[in-house]
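Okay, data_12.cif now, which holds mmCIF, N, CA and C atoms:
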```cif
data_entry
loop_
_atom_site.label_atom_id
_atom_site.label_comp_id
_atom_site.auth_asym_id
_atom_site.auth_seq_id
_atom_site.Cartn_x
_atom_site.Cartn_y
_atom_site.Cartn_z
N MET A 1 0.85 -1.17 0.00
CA MET A 1 0.00 0.00 0.00
C MET A 1 0.89 1.23 0.00
N GLU A 2 0.60 2.14 -0.88
CA GLU A 2 1.36 3.38 -0.95
C GLU A 2 0.68 4.45 -0.12
N LEU A 3 1.49 5.35 0.43
CA LEU A 3 0.95 6.46 1.20
C LEU A 3 0.51 7.57 0.26
N THR A 4 -0.50 8.31 0.69
CA THR A 4 -0.94 9.46 -0.08
C THR A 4 -0.01 10.63 0.19
N ASP A 5 -0.20 11.72 -0.53
CA ASP A 5 0.66 12.90 -0.36
C ASP A 5 0.67 13.43 1.07
N ASP A 6 -0.45 13.28 1.78
CA ASP A 6 -0.52 13.79 3.15
C ASP A 6 -0.01 12.77 4.18
N GLY A 7 0.55 11.65 3.71
CA GLY A 7 1.09 10.65 4.62
C GLY A 7 0.08 9.62 5.05
N GLY A 8 -1.15 9.74 4.57
CA GLY A 8 -2.19 8.78 4.92
C GLY A 8 -2.13 7.55 4.04
N THR A 9 -2.98 6.60 4.38
CA THR A 9 -3.01 5.35 3.63
C THR A 9 -4.08 5.35 2.55
N GLY A 10 -5.01 6.30 2.63
CA GLY A 10 -6.13 6.32 1.71
C GLY A 10 -7.34 5.60 2.27
N ASP A 11 -7.19 4.96 3.41
CA ASP A 11 -8.29 4.29 4.10
C ASP A 11 -8.57 5.09 5.36
N ALA A 12 -9.74 5.70 5.42
CA ALA A 12 -10.06 6.61 6.53
C ALA A 12 -9.97 5.94 7.89
N GLN A 13 -10.45 4.69 7.99
CA GLN A 13 -10.41 4.01 9.29
C GLN A 13 -8.98 3.67 9.71
N VAL A 14 -8.17 3.27 8.77
CA VAL A 14 -6.77 2.97 9.08
C VAL A 14 -6.06 4.25 9.48
N ASP A 15 -6.28 5.32 8.73
CA ASP A 15 -5.64 6.60 9.05
C ASP A 15 -6.05 7.08 10.44
N GLU A 16 -7.34 6.95 10.77
CA GLU A 16 -7.82 7.38 12.09
C GLU A 16 -7.18 6.54 13.19
N ALA A 17 -7.09 5.25 12.97
CA ALA A 17 -6.48 4.37 13.97
C ALA A 17 -5.02 4.73 14.19
N VAL A 18 -4.29 4.96 13.11
CA VAL A 18 -2.87 5.31 13.23
C VAL A 18 -2.71 6.67 13.91
N ARG A 19 -3.57 7.63 13.56
CA ARG A 19 -3.51 8.95 14.21
C ARG A 19 -3.76 8.85 15.71
N THR A 20 -4.57 7.90 16.11
CA THR A 20 -4.85 7.71 17.53
C THR A 20 -3.58 7.42 18.31
N LEU A 21 -2.61 6.78 17.67
CA LEU A 21 -1.35 6.47 18.34
C LEU A 21 -0.59 7.73 18.75
N GLU A 22 -0.88 8.86 18.12
CA GLU A 22 -0.22 10.11 18.49
C GLU A 22 -0.52 10.49 19.93
N ALA A 23 -1.61 9.99 20.48
CA ALA A 23 -1.99 10.30 21.86
C ALA A 23 -1.09 9.61 22.88
N LEU A 24 -0.29 8.65 22.44
CA LEU A 24 0.56 7.92 23.39
C LEU A 24 1.48 8.85 24.17
N ASP A 25 1.97 9.90 23.53
CA ASP A 25 2.88 10.83 24.22
C ASP A 25 2.23 11.47 25.44
N GLY A 26 0.93 11.69 25.40
CA GLY A 26 0.25 12.36 26.49
C GLY A 26 -0.36 11.43 27.52
N LEU A 27 -0.18 10.14 27.34
CA LEU A 27 -0.77 9.17 28.26
C LEU A 27 0.29 8.55 29.17
N PRO A 28 -0.11 8.18 30.39
CA PRO A 28 0.82 7.43 31.24
C PRO A 28 1.15 6.10 30.57
N VAL A 29 2.33 5.60 30.83
CA VAL A 29 2.80 4.38 30.17
C VAL A 29 1.84 3.21 30.39
N HIS A 30 1.24 3.12 31.58
CA HIS A 30 0.35 1.99 31.84
C HIS A 30 -0.92 2.02 30.99
N GLU A 31 -1.18 3.14 30.31
CA GLU A 31 -2.34 3.23 29.42
C GLU A 31 -1.97 2.98 27.95
N HIS A 32 -0.70 2.78 27.67
CA HIS A 32 -0.27 2.57 26.29
C HIS A 32 -0.78 1.25 25.72
N ALA A 33 -0.64 0.18 26.46
CA ALA A 33 -1.01 -1.14 25.93
C ALA A 33 -2.47 -1.22 25.51
N PRO A 34 -3.42 -0.75 26.32
CA PRO A 34 -4.82 -0.82 25.87
C PRO A 34 -5.08 -0.03 24.59
N LEU A 35 -4.43 1.11 24.45
CA LEU A 35 -4.62 1.92 23.25
C LEU A 35 -4.03 1.21 22.03
N VAL A 36 -2.83 0.68 22.18
CA VAL A 36 -2.19 -0.03 21.07
C VAL A 36 -3.01 -1.27 20.70
N GLU A 37 -3.54 -1.97 21.69
CA GLU A 37 -4.37 -3.14 21.42
C GLU A 37 -5.64 -2.76 20.67
N GLN A 38 -6.23 -1.62 21.03
CA GLN A 38 -7.43 -1.15 20.35
C GLN A 38 -7.12 -0.84 18.88
N VAL A 39 -6.04 -0.14 18.65
CA VAL A 39 -5.63 0.19 17.28
C VAL A 39 -5.32 -1.09 16.51
N HIS A 40 -4.64 -2.02 17.14
CA HIS A 40 -4.31 -3.29 16.50
C HIS A 40 -5.58 -4.03 16.08
N GLN A 41 -6.59 -4.02 16.94
CA GLN A 41 -7.84 -4.70 16.62
C GLN A 41 -8.53 -4.05 15.42
N VAL A 42 -8.53 -2.72 15.37
CA VAL A 42 -9.13 -2.02 14.23
C VAL A 42 -8.41 -2.41 12.95
N LEU A 43 -7.08 -2.43 12.99
CA LEU A 43 -6.31 -2.78 11.80
C LEU A 43 -6.56 -4.23 11.38
N GLN A 44 -6.64 -5.14 12.35
CA GLN A 44 -6.95 -6.53 12.03
C GLN A 44 -8.33 -6.65 11.40
N ASP A 45 -9.30 -5.92 11.95
CA ASP A 45 -10.66 -5.97 11.41
C ASP A 45 -10.70 -5.45 9.98
N ARG A 46 -9.95 -4.40 9.71
CA ARG A 46 -9.91 -3.86 8.35
C ARG A 46 -9.29 -4.87 7.40
N LEU A 47 -8.23 -5.53 7.82
CA LEU A 47 -7.60 -6.55 6.97
C LEU A 47 -8.53 -7.73 6.74
N ALA A 48 -9.35 -8.04 7.72
CA ALA A 48 -10.29 -9.15 7.61
C ALA A 48 -11.54 -8.75 6.83
N GLY A 49 -11.63 -7.48 6.46
CA GLY A 49 -12.77 -7.02 5.69
C GLY A 49 -13.97 -6.67 6.53
N GLU A 50 -13.75 -6.31 7.79
CA GLU A 50 -14.82 -5.92 8.69
C GLU A 50 -14.75 -4.42 8.90
N PRO A 51 -15.41 -3.65 8.04
CA PRO A 51 -15.29 -2.20 8.10
C PRO A 51 -15.99 -1.55 9.28
N ASP A 52 -16.74 -2.30 10.07
CA ASP A 52 -17.47 -1.71 11.19
C ASP A 52 -16.69 -1.79 12.48
N ALA A 53 -15.41 -1.48 12.42
CA ALA A 53 -14.56 -1.50 13.60
C ALA A 53 -14.15 -0.08 13.95
N PRO A 54 -15.08 0.72 14.46
CA PRO A 54 -14.76 2.13 14.73
C PRO A 54 -13.84 2.29 15.92
N LEU A 55 -13.12 3.37 15.92
CA LEU A 55 -12.24 3.73 17.02
C LEU A 55 -12.84 4.96 17.67
N GLU A 56 -14.11 4.87 18.02
CA GLU A 56 -14.91 6.00 18.46
C GLU A 56 -14.40 6.65 19.73
N GLY A 57 -14.18 5.86 20.78
CA GLY A 57 -13.87 6.42 22.08
C GLY A 57 -12.57 7.18 22.13
N GLY A 58 -11.65 6.85 21.27
CA GLY A 58 -10.37 7.53 21.29
C GLY A 58 -9.54 7.11 22.47
N PRO A 59 -8.42 7.74 22.64
CA PRO A 59 -7.47 7.31 23.65
C PRO A 59 -7.87 7.64 25.08
N THR A 60 -8.77 8.60 25.28
CA THR A 60 -9.07 9.00 26.64
C THR A 60 -10.17 8.17 27.26
N SER A 61 -10.96 7.47 26.47
CA SER A 61 -12.01 6.66 27.06
C SER A 61 -11.50 5.26 27.25
N SER A 62 -11.47 4.83 28.48
CA SER A 62 -11.05 3.47 28.75
C SER A 62 -12.32 2.67 28.97
N GLY A 63 -12.99 2.35 27.88
CA GLY A 63 -14.29 1.71 27.89
C GLY A 63 -14.30 0.31 28.46
N GLY A 64 -13.17 -0.21 28.84
CA GLY A 64 -13.15 -1.48 29.54
C GLY A 64 -13.33 -2.68 28.64
N ALA A 65 -12.51 -2.82 27.65
CA ALA A 65 -12.57 -3.98 26.78
C ALA A 65 -11.61 -5.05 27.29
N ALA A 66 -11.41 -5.06 28.58
CA ALA A 66 -10.45 -6.00 29.15
C ALA A 66 -10.93 -7.43 28.97
N GLY A 67 -10.00 -8.28 28.69
CA GLY A 67 -10.31 -9.69 28.56
C GLY A 67 -10.84 -10.10 27.21
N GLU A 68 -10.99 -9.17 26.30
CA GLU A 68 -11.47 -9.52 24.97
C GLU A 68 -10.36 -10.21 24.20
N PRO A 69 -10.73 -11.21 23.45
CA PRO A 69 -9.71 -11.84 22.61
C PRO A 69 -9.27 -10.89 21.53
N GLY A 70 -8.08 -11.05 21.06
CA GLY A 70 -7.59 -10.16 20.02
C GLY A 70 -6.10 -10.31 19.82
N SER A 71 -5.49 -11.11 20.67
CA SER A 71 -4.06 -11.29 20.51
C SER A 71 -3.81 -12.28 19.39
N VAL A 72 -2.67 -12.11 18.78
CA VAL A 72 -2.30 -12.99 17.68
C VAL A 72 -1.28 -13.99 18.19
N ASP A 73 -1.65 -15.25 18.17
CA ASP A 73 -0.72 -16.29 18.58
C ASP A 73 0.18 -16.65 17.41
N GLY A 74 1.17 -17.38 17.68
CA GLY A 74 2.04 -17.82 16.61
C GLY A 74 3.49 -17.68 16.97
N GLU A 75 3.76 -16.97 18.05
CA GLU A 75 5.14 -16.87 18.51
C GLU A 75 5.29 -17.78 19.71
N GLY A 76 6.41 -18.41 19.82
CA GLY A 76 6.59 -19.22 21.00
C GLY A 76 7.40 -20.37 20.83
#
```
Once more with this new file: its structure as structure tokens, please.
Amino acid sequence: MELTDDGGTGDAQVDEAVRTLEALDGLPVHEHAPLVEQVHQVLQDRLAGEPDAPLEGGPTSSGGAAGEPGSVDGEG
């Protein structure tokens, strides 16, 4: 996938998810993993062809998706 002139991917949901990572600088380190996991899930959903994976809450809402599956196995 090539980047557009503005540095985006051309996919609005992917671009939004990646932009969300910019919030990491302003968050305590212990809040980084949930945000990265949320972005990872959105990207996985887009690759799987599931366009209804919004990143609505953004980095400040910790909506409590704890315990949800979403990790990728295969290392070990």
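A straight line drawn from atom CA of A:Ala33 to atom CA of A:Asp11 is 23.6 Å long.
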Adding 8 Å on each side of the box along x, y and z that holds all listed atoms of stretch 37-50 of chain A, could you give its centre and edge lengths in Å to one decimal, as JSON?
```
{"center_x": -9.2, "center_y": -4.5, "center_z": 13.7, "size_x": 27.3, "size_y": 25.3, "size_z": 32.0}
```
* So how many Å separate atom CA of A:Gln13 and atom CA of A:Glu37, to one decimal? -> 15.3 Å
* Evaluate the PyMOL selection byres ((chain A and resi 14-24) around 7) here and jot the selected residues down as number ranges by chain. => A: 8-13, 25-28, 32, 35, 39, 42-43, 55, 58-59
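The gap separating atom N of A:Gly7 from atom C of A:Val36 is 21.6 Å, in Å to one decimal.
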